[in-house]
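Pasting upload27.pdb here (PDB, C-alpha atoms):
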```
ATOM      1  CA  MET A 215     143.260  61.508 143.465  1.00  0.00           C
ATOM      2  CA  LYS A 216     144.411  65.103 143.021  1.00  0.00           C
ATOM      3  CA  THR A 217     142.179  67.880 144.346  1.00  0.00           C
ATOM      4  CA  ARG A 218     141.713  69.256 140.833  1.00  0.00           C
ATOM      5  CA  ASP A 219     140.351  65.922 139.611  1.00  0.00           C
ATOM      6  CA  LYS A 220     138.115  65.612 142.662  1.00  0.00           C
ATOM      7  CA  ILE A 221     136.640  69.026 141.883  1.00  0.00           C
ATOM      8  CA  LEU A 222     135.869  67.985 138.315  1.00  0.00           C
ATOM      9  CA  LEU A 223     134.252  64.717 139.393  1.00  0.00           C
ATOM     10  CA  ALA A 224     132.205  66.350 142.150  1.00  0.00           C
ATOM     11  CA  SER A 225     131.109  69.136 139.825  1.00  0.00           C
ATOM     12  CA  LEU A 226     129.967  66.660 137.188  1.00  0.00           C
ATOM     13  CA  GLU A 227     128.020  64.704 139.800  1.00  0.00           C
ATOM     14  CA  LEU A 228     126.297  67.807 141.157  1.00  0.00           C
ATOM     15  CA  PHE A 229     125.621  69.299 137.723  1.00  0.00           C
ATOM     16  CA  ASN A 230     123.983  66.038 136.639  1.00  0.00           C
ATOM     17  CA  GLU A 231     121.921  65.730 139.836  1.00  0.00           C
ATOM     18  CA  ARG A 232     120.892  69.338 140.440  1.00  0.00           C
ATOM     19  CA  GLY A 233     121.522  71.128 137.158  1.00  0.00           C
ATOM     20  CA  GLU A 234     124.400  73.460 136.425  1.00  0.00           C
ATOM     21  CA  ARG A 235     122.432  76.609 137.189  1.00  0.00           C
ATOM     22  CA  ASN A 236     121.411  75.240 140.598  1.00  0.00           C
ATOM     23  CA  THR A 237     124.998  74.428 141.579  1.00  0.00           C
ATOM     24  CA  THR A 238     127.464  77.065 142.743  1.00  0.00           C
ATOM     25  CA  THR A 239     131.167  76.814 143.420  1.00  0.00           C
ATOM     26  CA  ASN A 240     130.285  77.014 147.133  1.00  0.00           C
ATOM     27  CA  HIS A 241     128.082  73.927 146.712  1.00  0.00           C
ATOM     28  CA  ILE A 242     130.958  72.106 145.051  1.00  0.00           C
ATOM     29  CA  ALA A 243     133.426  73.107 147.756  1.00  0.00           C
ATOM     30  CA  ALA A 244     131.008  72.083 150.511  1.00  0.00           C
ATOM     31  CA  HIS A 245     130.376  68.742 148.807  1.00  0.00           C
ATOM     32  CA  LEU A 246     134.125  68.082 148.866  1.00  0.00           C
ATOM     33  CA  ALA A 247     134.609  69.559 152.358  1.00  0.00           C
ATOM     34  CA  ILE A 248     137.200  72.009 151.063  1.00  0.00           C
ATOM     35  CA  SER A 249     137.299  75.780 151.295  1.00  0.00           C
ATOM     36  CA  PRO A 250     136.086  77.938 148.385  1.00  0.00           C
ATOM     37  CA  GLY A 251     139.605  79.376 148.298  1.00  0.00           C
ATOM     38  CA  ASN A 252     141.021  75.908 147.674  1.00  0.00           C
ATOM     39  CA  LEU A 253     138.621  75.454 144.783  1.00  0.00           C
ATOM     40  CA  TYR A 254     139.544  78.848 143.309  1.00  0.00           C
ATOM     41  CA  TYR A 255     143.215  77.890 143.532  1.00  0.00           C
ATOM     42  CA  HIS A 256     142.494  75.273 140.857  1.00  0.00           C
ATOM     43  CA  PHE A 257     139.712  76.979 138.879  1.00  0.00           C
ATOM     44  CA  ARG A 258     139.022  80.695 138.483  1.00  0.00           C
ATOM     45  CA  ASN A 259     135.256  80.206 138.232  1.00  0.00           C
ATOM     46  CA  LYS A 260     132.489  77.737 137.418  1.00  0.00           C
ATOM     47  CA  SER A 261     132.820  78.386 133.683  1.00  0.00           C
ATOM     48  CA  ASP A 262     136.371  77.047 133.762  1.00  0.00           C
ATOM     49  CA  ILE A 263     135.144  73.893 135.505  1.00  0.00           C
ATOM     50  CA  ILE A 264     132.432  73.378 132.894  1.00  0.00           C
ATOM     51  CA  TYR A 265     134.869  73.988 130.052  1.00  0.00           C
ATOM     52  CA  GLU A 266     137.295  71.370 131.356  1.00  0.00           C
ATOM     53  CA  ILE A 267     134.480  68.868 131.911  1.00  0.00           C
ATOM     54  CA  PHE A 268     133.437  69.409 128.292  1.00  0.00           C
ATOM     55  CA  GLN A 269     136.989  68.724 127.135  1.00  0.00           C
ATOM     56  CA  GLU A 270     136.834  65.364 128.925  1.00  0.00           C
ATOM     57  CA  TYR A 271     133.492  64.655 127.259  1.00  0.00           C
ATOM     58  CA  GLU A 272     135.011  65.466 123.868  1.00  0.00           C
ATOM     59  CA  LYS A 273     137.836  63.013 124.427  1.00  0.00           C
ATOM     60  CA  LEU A 274     135.403  60.292 125.458  1.00  0.00           C
ATOM     61  CA  VAL A 275     133.169  60.679 122.400  1.00  0.00           C
ATOM     62  CA  ASP A 276     136.175  60.936 120.063  1.00  0.00           C
ATOM     63  CA  TYR A 277     137.394  57.645 121.527  1.00  0.00           C
ATOM     64  CA  TYR A 278     133.996  56.009 121.096  1.00  0.00           C
ATOM     65  CA  LEU A 279     133.761  57.123 117.464  1.00  0.00           C
ATOM     66  CA  ASP A 280     137.188  55.838 116.470  1.00  0.00           C
ATOM     67  CA  ILE A 281     136.538  53.963 113.220  1.00  0.00           C
ATOM     68  CA  PRO A 282     138.627  50.952 112.164  1.00  0.00           C
ATOM     69  CA  GLU A 283     139.799  51.420 108.590  1.00  0.00           C
ATOM     70  CA  ASP A 284     141.479  48.019 108.272  1.00  0.00           C
ATOM     71  CA  ARG A 285     138.296  45.902 108.303  1.00  0.00           C
ATOM     72  CA  PRO A 286     134.583  46.093 107.425  1.00  0.00           C
ATOM     73  CA  LEU A 287     132.138  47.277 110.053  1.00  0.00           C
ATOM     74  CA  THR A 288     129.646  44.849 111.575  1.00  0.00           C
ATOM     75  CA  LEU A 289     126.274  45.115 113.283  1.00  0.00           C
ATOM     76  CA  GLU A 290     128.160  44.672 116.542  1.00  0.00           C
ATOM     77  CA  ASP A 291     130.190  47.773 115.707  1.00  0.00           C
ATOM     78  CA  MET A 292     127.031  49.724 114.955  1.00  0.00           C
ATOM     79  CA  THR A 293     125.508  48.659 118.269  1.00  0.00           C
ATOM     80  CA  PHE A 294     128.703  49.595 120.108  1.00  0.00           C
ATOM     81  CA  TYR A 295     128.717  53.090 118.596  1.00  0.00           C
ATOM     82  CA  LEU A 296     125.092  53.714 119.542  1.00  0.00           C
ATOM     83  CA  GLU A 297     125.401  52.291 123.055  1.00  0.00           C
ATOM     84  CA  SER A 298     128.615  54.193 123.706  1.00  0.00           C
ATOM     85  CA  VAL A 299     127.326  57.550 122.471  1.00  0.00           C
ATOM     86  CA  PHE A 300     124.212  57.263 124.653  1.00  0.00           C
ATOM     87  CA  ASP A 301     126.368  56.163 127.615  1.00  0.00           C
ATOM     88  CA  GLY A 302     128.430  59.322 127.161  1.00  0.00           C
ATOM     89  CA  LEU A 303     125.288  61.398 126.870  1.00  0.00           C
ATOM     90  CA  TRP A 304     124.076  59.982 130.183  1.00  0.00           C
ATOM     91  CA  SER A 305     127.381  60.505 131.982  1.00  0.00           C
ATOM     92  CA  TYR A 306     127.435  64.177 130.921  1.00  0.00           C
ATOM     93  CA  ARG A 307     123.691  64.717 130.741  1.00  0.00           C
ATOM     94  CA  PHE A 308     123.728  68.147 132.386  1.00  0.00           C
ATOM     95  CA  PHE A 309     125.559  69.471 129.374  1.00  0.00           C
ATOM     96  CA  HIS A 310     122.927  68.599 126.777  1.00  0.00           C
ATOM     97  CA  ARG A 311     120.132  69.507 129.159  1.00  0.00           C
ATOM     98  CA  ASP A 312     121.446  73.068 129.499  1.00  0.00           C
ATOM     99  CA  LEU A 313     123.275  73.253 126.171  1.00  0.00           C
ATOM    100  CA  GLU A 314     121.966  76.534 124.753  1.00  0.00           C
ATOM    101  CA  TYR A 315     122.478  78.388 128.019  1.00  0.00           C
ATOM    102  CA  LEU A 316     126.000  77.009 128.471  1.00  0.00           C
ATOM    103  CA  LEU A 317     127.068  77.905 124.934  1.00  0.00           C
ATOM    104  CA  ASP A 318     125.699  81.424 125.327  1.00  0.00           C
ATOM    105  CA  SER A 319     127.651  81.793 128.571  1.00  0.00           C
ATOM    106  CA  ASP A 320     131.116  80.883 127.270  1.00  0.00           C
ATOM    107  CA  ILE A 321     132.492  81.815 123.857  1.00  0.00           C
ATOM    108  CA  ARG A 322     135.244  79.179 124.192  1.00  0.00           C
ATOM    109  CA  LEU A 323     132.651  76.513 124.736  1.00  0.00           C
ATOM    110  CA  ARG A 324     130.561  77.666 121.784  1.00  0.00           C
ATOM    111  CA  SER A 325     133.548  77.520 119.447  1.00  0.00           C
ATOM    112  CA  ASP A 326     134.722  74.126 120.715  1.00  0.00           C
ATOM    113  CA  TYR A 327     131.224  72.663 120.605  1.00  0.00           C
ATOM    114  CA  ARG A 328     130.877  73.694 116.963  1.00  0.00           C
ATOM    115  CA  ASP A 329     134.122  71.873 116.147  1.00  0.00           C
ATOM    116  CA  PHE A 330     133.016  68.898 118.243  1.00  0.00           C
ATOM    117  CA  THR A 331     129.709  68.690 116.380  1.00  0.00           C
ATOM    118  CA  ASN A 332     131.466  68.796 113.018  1.00  0.00           C
ATOM    119  CA  ARG A 333     133.839  66.005 114.076  1.00  0.00           C
ATOM    120  CA  CYS A 334     130.926  63.867 115.270  1.00  0.00           C
ATOM    121  CA  LEU A 335     129.006  64.436 112.047  1.00  0.00           C
ATOM    122  CA  SER A 336     132.068  63.539 109.997  1.00  0.00           C
ATOM    123  CA  ALA A 337     132.647  60.347 112.005  1.00  0.00           C
ATOM    124  CA  MET A 338     128.976  59.328 111.812  1.00  0.00           C
ATOM    125  CA  ASN A 339     128.950  59.971 108.068  1.00  0.00           C
ATOM    126  CA  ARG A 340     131.963  57.697 107.703  1.00  0.00           C
ATOM    127  CA  ILE A 341     130.270  55.022 109.818  1.00  0.00           C
ATOM    128  CA  LEU A 342     127.244  55.044 107.505  1.00  0.00           C
ATOM    129  CA  GLU A 343     129.557  54.907 104.506  1.00  0.00           C
ATOM    130  CA  LYS A 344     131.429  51.911 105.922  1.00  0.00           C
ATOM    131  CA  LEU A 345     128.162  50.156 106.811  1.00  0.00           C
ATOM    132  CA  ALA A 346     127.259  50.494 103.136  1.00  0.00           C
ATOM    133  CA  GLU A 347     130.673  49.164 102.116  1.00  0.00           C
ATOM    134  CA  ALA A 348     130.038  46.178 104.411  1.00  0.00           C
ATOM    135  CA  GLY A 349     126.733  45.467 102.658  1.00  0.00           C
ATOM    136  CA  ILE A 350     124.584  46.335 105.701  1.00  0.00           C
ATOM    137  CA  LEU A 351     123.115  49.540 104.292  1.00  0.00           C
ATOM    138  CA  GLN A 352     122.335  50.453 100.719  1.00  0.00           C
ATOM    139  CA  PRO A 353     124.933  52.745  99.142  1.00  0.00           C
ATOM    140  CA  GLN A 354     123.721  56.324  99.299  1.00  0.00           C
ATOM    141  CA  PRO A 355     124.671  59.505  97.457  1.00  0.00           C
ATOM    142  CA  GLU A 356     126.715  61.854  99.636  1.00  0.00           C
ATOM    143  CA  GLU A 357     123.868  64.373  99.935  1.00  0.00           C
ATOM    144  CA  LEU A 358     121.460  61.750 101.291  1.00  0.00           C
ATOM    145  CA  ARG A 359     124.059  60.265 103.629  1.00  0.00           C
ATOM    146  CA  ALA A 360     124.857  63.728 105.003  1.00  0.00           C
ATOM    147  CA  ALA A 361     121.150  64.383 105.625  1.00  0.00           C
ATOM    148  CA  MET A 362     120.761  61.013 107.342  1.00  0.00           C
ATOM    149  CA  THR A 363     123.828  61.734 109.483  1.00  0.00           C
ATOM    150  CA  LEU A 364     122.349  65.026 110.606  1.00  0.00           C
ATOM    151  CA  ASN A 365     119.008  63.379 111.428  1.00  0.00           C
ATOM    152  CA  VAL A 366     120.780  60.769 113.560  1.00  0.00           C
ATOM    153  CA  TRP A 367     122.686  63.523 115.389  1.00  0.00           C
ATOM    154  CA  LEU A 368     119.488  65.454 116.034  1.00  0.00           C
ATOM    155  CA  VAL A 369     117.783  62.386 117.507  1.00  0.00           C
ATOM    156  CA  ILE A 370     120.749  61.614 119.754  1.00  0.00           C
ATOM    157  CA  THR A 371     121.218  65.133 121.083  1.00  0.00           C
ATOM    158  CA  ASN A 372     117.513  65.945 121.491  1.00  0.00           C
ATOM    159  CA  TRP A 373     116.084  62.664 122.785  1.00  0.00           C
ATOM    160  CA  MET A 374     116.641  63.675 126.403  1.00  0.00           C
ATOM    161  CA  ALA A 375     114.862  66.985 125.844  1.00  0.00           C
ATOM    162  CA  PHE A 376     111.943  65.131 124.261  1.00  0.00           C
ATOM    163  CA  LEU A 377     111.590  62.839 127.266  1.00  0.00           C
ATOM    164  CA  LYS A 378     111.818  65.720 129.735  1.00  0.00           C
ATOM    165  CA  THR A 379     109.354  68.009 127.927  1.00  0.00           C
ATOM    166  CA  ALA A 380     106.845  65.991 125.935  1.00  0.00           C
ATOM    167  CA  HIS A 381     106.496  63.525 128.801  1.00  0.00           C
ATOM    168  CA  ALA A 382     107.186  65.879 131.688  1.00  0.00           C
ATOM    169  CA  SER A 383     109.845  63.914 133.504  1.00  0.00           C
ATOM    170  CA  SER A 384     110.453  65.624 136.829  1.00  0.00           C
ATOM    171  CA  GLY A 385     114.185  66.244 136.918  1.00  0.00           C
ATOM    172  CA  ASP A 386     116.806  63.573 136.407  1.00  0.00           C
ATOM    173  CA  ALA A 387     115.125  61.454 139.074  1.00  0.00           C
ATOM    174  CA  GLY A 388     112.431  60.823 136.471  1.00  0.00           C
ATOM    175  CA  LEU A 389     114.883  59.774 133.779  1.00  0.00           C
ATOM    176  CA  SER A 390     116.924  56.594 133.619  1.00  0.00           C
ATOM    177  CA  LEU A 391     119.750  55.368 131.396  1.00  0.00           C
ATOM    178  CA  VAL A 392     117.392  52.707 130.028  1.00  0.00           C
ATOM    179  CA  GLU A 393     114.908  55.380 128.945  1.00  0.00           C
ATOM    180  CA  LEU A 394     117.662  57.464 127.429  1.00  0.00           C
ATOM    181  CA  LYS A 395     118.951  54.512 125.417  1.00  0.00           C
ATOM    182  CA  GLN A 396     115.484  54.028 123.982  1.00  0.00           C
ATOM    183  CA  GLY A 397     116.566  56.780 121.618  1.00  0.00           C
ATOM    184  CA  ILE A 398     118.525  54.032 119.843  1.00  0.00           C
ATOM    185  CA  TYR A 399     115.147  52.712 118.663  1.00  0.00           C
ATOM    186  CA  GLN A 400     114.585  56.016 116.870  1.00  0.00           C
ATOM    187  CA  VAL A 401     118.040  55.977 115.279  1.00  0.00           C
ATOM    188  CA  LEU A 402     117.580  52.442 113.991  1.00  0.00           C
ATOM    189  CA  THR A 403     114.153  53.418 112.666  1.00  0.00           C
ATOM    190  CA  LEU A 404     115.855  56.037 110.492  1.00  0.00           C
ATOM    191  CA  GLU A 405     118.031  53.314 108.989  1.00  0.00           C
ATOM    192  CA  ILE A 406     115.253  50.828 108.196  1.00  0.00           C
ATOM    193  CA  PRO A 407     114.495  52.112 104.658  1.00  0.00           C
ATOM    194  CA  TYR A 408     118.162  51.735 103.711  1.00  0.00           C
ATOM    195  CA  LEU A 409     118.883  48.274 105.140  1.00  0.00           C
ATOM    196  CA  MET A 410     119.993  45.525 102.789  1.00  0.00           C
ATOM    197  CA  PRO A 411     117.524  42.584 102.841  1.00  0.00           C
ATOM    198  CA  ASP A 412     120.001  40.180 104.470  1.00  0.00           C
ATOM    199  CA  TYR A 413     120.286  42.426 107.528  1.00  0.00           C
ATOM    200  CA  ARG A 414     116.743  43.704 107.930  1.00  0.00           C
ATOM    201  CA  ASP A 415     115.520  40.984 110.293  1.00  0.00           C
ATOM    202  CA  GLN A 416     118.594  41.269 112.513  1.00  0.00           C
ATOM    203  CA  VAL A 417     118.241  45.028 112.841  1.00  0.00           C
ATOM    204  CA  MET A 418     114.514  44.747 113.540  1.00  0.00           C
ATOM    205  CA  VAL A 419     115.250  42.314 116.387  1.00  0.00           C
ATOM    206  CA  LEU A 420     117.966  44.646 117.689  1.00  0.00           C
ATOM    207  CA  ARG A 421     115.649  47.642 117.477  1.00  0.00           C
ATOM    208  CA  GLU A 422     112.988  45.910 119.600  1.00  0.00           C
ATOM    209  CA  GLN A 423     115.435  45.803 122.506  1.00  0.00           C
ATOM    210  CA  TYR A 424     115.174  49.598 122.717  1.00  0.00           C
ATOM    211  CA  ARG A 425     111.468  50.129 122.020  1.00  0.00           C
ATOM    212  CA  PRO A 426     110.333  53.205 123.994  1.00  0.00           C
ATOM    213  CA  ASN A 427     107.615  52.889 126.587  1.00  0.00           C
ATOM    214  CA  LEU A 428     106.023  56.307 126.214  1.00  0.00           C
ATOM    215  CA  PRO A 429     102.765  56.878 128.110  1.00  0.00           C
ATOM    216  CA  GLU A 430      99.833  58.180 126.100  1.00  0.00           C
ATOM    217  CA  THR A 431     101.859  58.072 122.897  1.00  0.00           C
ATOM    218  CA  HIS A 432     100.902  56.054 119.861  1.00  0.00           C
ATOM    219  CA  GLU A 433     103.494  54.169 117.889  1.00  0.00           C
ATOM    220  CA  SER A 434     102.858  56.425 114.917  1.00  0.00           C
ATOM    221  CA  ASP A 435     103.995  59.381 117.009  1.00  0.00           C
ATOM    222  CA  VAL A 436     107.434  57.989 117.778  1.00  0.00           C
ATOM    223  CA  ALA A 437     108.406  55.949 114.753  1.00  0.00           C
ATOM    224  CA  CYS A 438     107.761  55.888 111.060  1.00  0.00           C
ATOM    225  CA  VAL A 439     105.240  53.441 109.732  1.00  0.00           C
ATOM    226  CA  GLU A 440     106.975  50.339 108.476  1.00  0.00           C
TER     227      GLU A 440
END
```

Just give me the structure of the file as structure tokens.
Amino acid sequence: MKTRDKILLASLELFNERGERNTTTNHIAAHLAISPGNLYYHFRNKSDIIYEIFQEYEKLVDYYLDIPEDRPLTLEDMTFYLESVFDGLWSYRFFHRDLEYLLDSDIRLRSDYRDFTNRCLSAMNRILEKLAEAGILQPQPEELRAAMTLNVWLVITNWMAFLKTAHASSGDAGLSLVELKQGIYQVLTLEIPYLMPDYRDQVMVLREQYRPNLPETHESDVACVE
């Protein structure tokens, strides 16, 4: 593996474990047993490392949200999209944990993240539209589908923050991929009112696989009343 790629992988690992603000370029160099000068040969500063890591994250999510236009979507497709997006969120969790700070620190990142968000919203809107075309969801007017898309995006991108604040997880050691993917329960809950009758039972069974186990939280606090 090239040194540049090793730096990106090590940086991602350390950012996820310690937090971006607690990780310096010297930490990254020491982790790789290279000199700081060697690191600066490949990257001018930590912001450049973060920016390139984000570009890799963009590519991953764009790949996950590739939508087949030559066939109807299925429940398996819907599950794949949700699982994949939360997998990506976990792999790059430092980014969403420190999102506001990172965007304020790099104008390139802020601009690219805005475009990234718009692409994700567009893809998710199309997924909901195709699920309706497949007879899984009720057809919705564009305004309602756009609002539902935004709500799904907000759940996905803020679920980690909810777990780490409302339930006081102590660092990433207190958060697991299983807990993160329990956000899928919340996303599927948003879709329940719009499910076609033939698919309701299947989605309810699927949703139960992700039911959150939130201490001192009542069901009414985390999901709508069915």

Legend entry - Residue with smallest distance to Glu227 (chain A) - pool A:Leu377, A:Leu246, A:Met410, A:Leu391, counting all atoms listed in the file: A:Leu246

Inset, instruction - Report as a VMD selection string the residues that result from applying the PyMOL selection byres ((chain A and resi 281-296) around 10) to the structure here. - result: chain A and resid 275 to 280 297 to 301 337 to 338 340 to 350 370 395 397 to 398 401 to 402 413 416 to 417 420 to 421

Legend entry - Contacts of Tyr408 (chain A) within 10 Å, all atoms listed in the file, excl. fewer than 4 positions in-chain, as a ChimeraX atom specification: /A:346,350-354,403-404,414

Is it possible to get the residues within 12 Å of (130.9, 64.2, 137.8) (coordinates as in the file, counting all atoms listed in the file) written as a compact mmCIF listing (two decimals) with C-alpha atoms, keeping the file's coordinate frame?
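What landed in point_2.txt:
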```txt
# COMPACT_ATOMS: atom_id res chain seq x y z
CA ASP A 219 140.35 65.92 139.61
CA LYS A 220 138.12 65.61 142.66
CA ILE A 221 136.64 69.03 141.88
CA LEU A 222 135.87 67.98 138.32
CA LEU A 223 134.25 64.72 139.39
CA ALA A 224 132.21 66.35 142.15
CA SER A 225 131.11 69.14 139.82
CA LEU A 226 129.97 66.66 137.19
CA GLU A 227 128.02 64.70 139.80
CA LEU A 228 126.30 67.81 141.16
CA PHE A 229 125.62 69.30 137.72
CA ASN A 230 123.98 66.04 136.64
CA GLU A 231 121.92 65.73 139.84
CA ARG A 232 120.89 69.34 140.44
CA GLY A 233 121.52 71.13 137.16
CA GLU A 234 124.40 73.46 136.43
CA ILE A 242 130.96 72.11 145.05
CA HIS A 245 130.38 68.74 148.81
CA ILE A 263 135.14 73.89 135.50
CA ILE A 264 132.43 73.38 132.89
CA GLU A 266 137.29 71.37 131.36
CA ILE A 267 134.48 68.87 131.91
CA PHE A 268 133.44 69.41 128.29
CA GLU A 270 136.83 65.36 128.93
CA TYR A 271 133.49 64.66 127.26
CA GLY A 302 128.43 59.32 127.16
CA TRP A 304 124.08 59.98 130.18
CA SER A 305 127.38 60.50 131.98
CA TYR A 306 127.44 64.18 130.92
CA ARG A 307 123.69 64.72 130.74
CA PHE A 308 123.73 68.15 132.39
CA PHE A 309 125.56 69.47 129.37
```

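Counting all atoms listed in the file and comparing A:Leu313, A:Gln423, A:Leu303, A:Leu323, the residue that lies closest to Leu394 (chain A) is A:Leu303.
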
Inset, instruction - Choose the residue, out of A:Lys378, A:Arg333, A:His256, A:Arg328, that has the smallest atom-to-atom separation from Arg311 (chain A); count all atoms listed in the file. - result: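 The closest residue to Arg311 (chain A) is A:Lys378.
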
Inset, instruction - Choose the residue, out of A:Tyr265, A:Glu422, A:His241, A:Arg218, that has the smallest atom-to-atom separation from Leu317 (chain A); count only C-alpha atoms. - result: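 Between A:Tyr265, A:Glu422, A:His241, A:Arg218, the residue approaching Leu317 (chain A) most closely is A:Tyr265.
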
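Computed from the coordinates, the CA of Arg425 (chain A) to CA of Gln400 (chain A) distance equals 8.4 Å.
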
Set the distance at 12 Å and use all atoms listed in the file: which residues neighbour Asn332 (chain A) once local chain neighbours fewer than 4 positions away are removed? I'd like the list as a PDB file with C-alpha atoms, keeping the file's coordinate frame.
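This went into out-v3.pdb:
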```pdb
ATOM      1  CA  GLU A 272     135.011  65.466 123.868  1.00  0.00           C
ATOM      2  CA  ASP A 276     136.175  60.936 120.063  1.00  0.00           C
ATOM      3  CA  SER A 325     133.548  77.520 119.447  1.00  0.00           C
ATOM      4  CA  ASP A 326     134.722  74.126 120.715  1.00  0.00           C
ATOM      5  CA  TYR A 327     131.224  72.663 120.605  1.00  0.00           C
ATOM      6  CA  ARG A 328     130.877  73.694 116.963  1.00  0.00           C
ATOM      7  CA  SER A 336     132.068  63.539 109.997  1.00  0.00           C
ATOM      8  CA  ALA A 337     132.647  60.347 112.005  1.00  0.00           C
ATOM      9  CA  MET A 338     128.976  59.328 111.812  1.00  0.00           C
ATOM     10  CA  ASN A 339     128.950  59.971 108.068  1.00  0.00           C
ATOM     11  CA  ALA A 360     124.857  63.728 105.003  1.00  0.00           C
ATOM     12  CA  THR A 363     123.828  61.734 109.483  1.00  0.00           C
ATOM     13  CA  LEU A 364     122.349  65.026 110.606  1.00  0.00           C
ATOM     14  CA  TRP A 367     122.686  63.523 115.389  1.00  0.00           C
TER      15      TRP A 367
END
```

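The space between CA of Pro407 (chain A) and CA of Glu393 (chain A) spans 24.5 Å.
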
Legend entry - Using only C-alpha atoms: which of A:Val369, A:Cys334, A:Ala243, A:Met215 has the shortest distance to Phe257 (chain A):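 Checking each candidate against Phe257 (chain A), we get A:Ala243 as the closest.
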
Inset, instruction - Calculate how many Å separate CA of Asn372 (chain A) from CA of Asp312 (chain A), rounding to one decimal. - result: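 Interatomic distance, CA of Asn372 (chain A) to CA of Asp312 (chain A): 11.4 Å.
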
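With only C-alpha atoms as the atoms that count, the residue of A:Ala375, A:Ile248, A:Arg322, A:Phe330 with the shortest distance to His310 (chain A) is A:Ala375.
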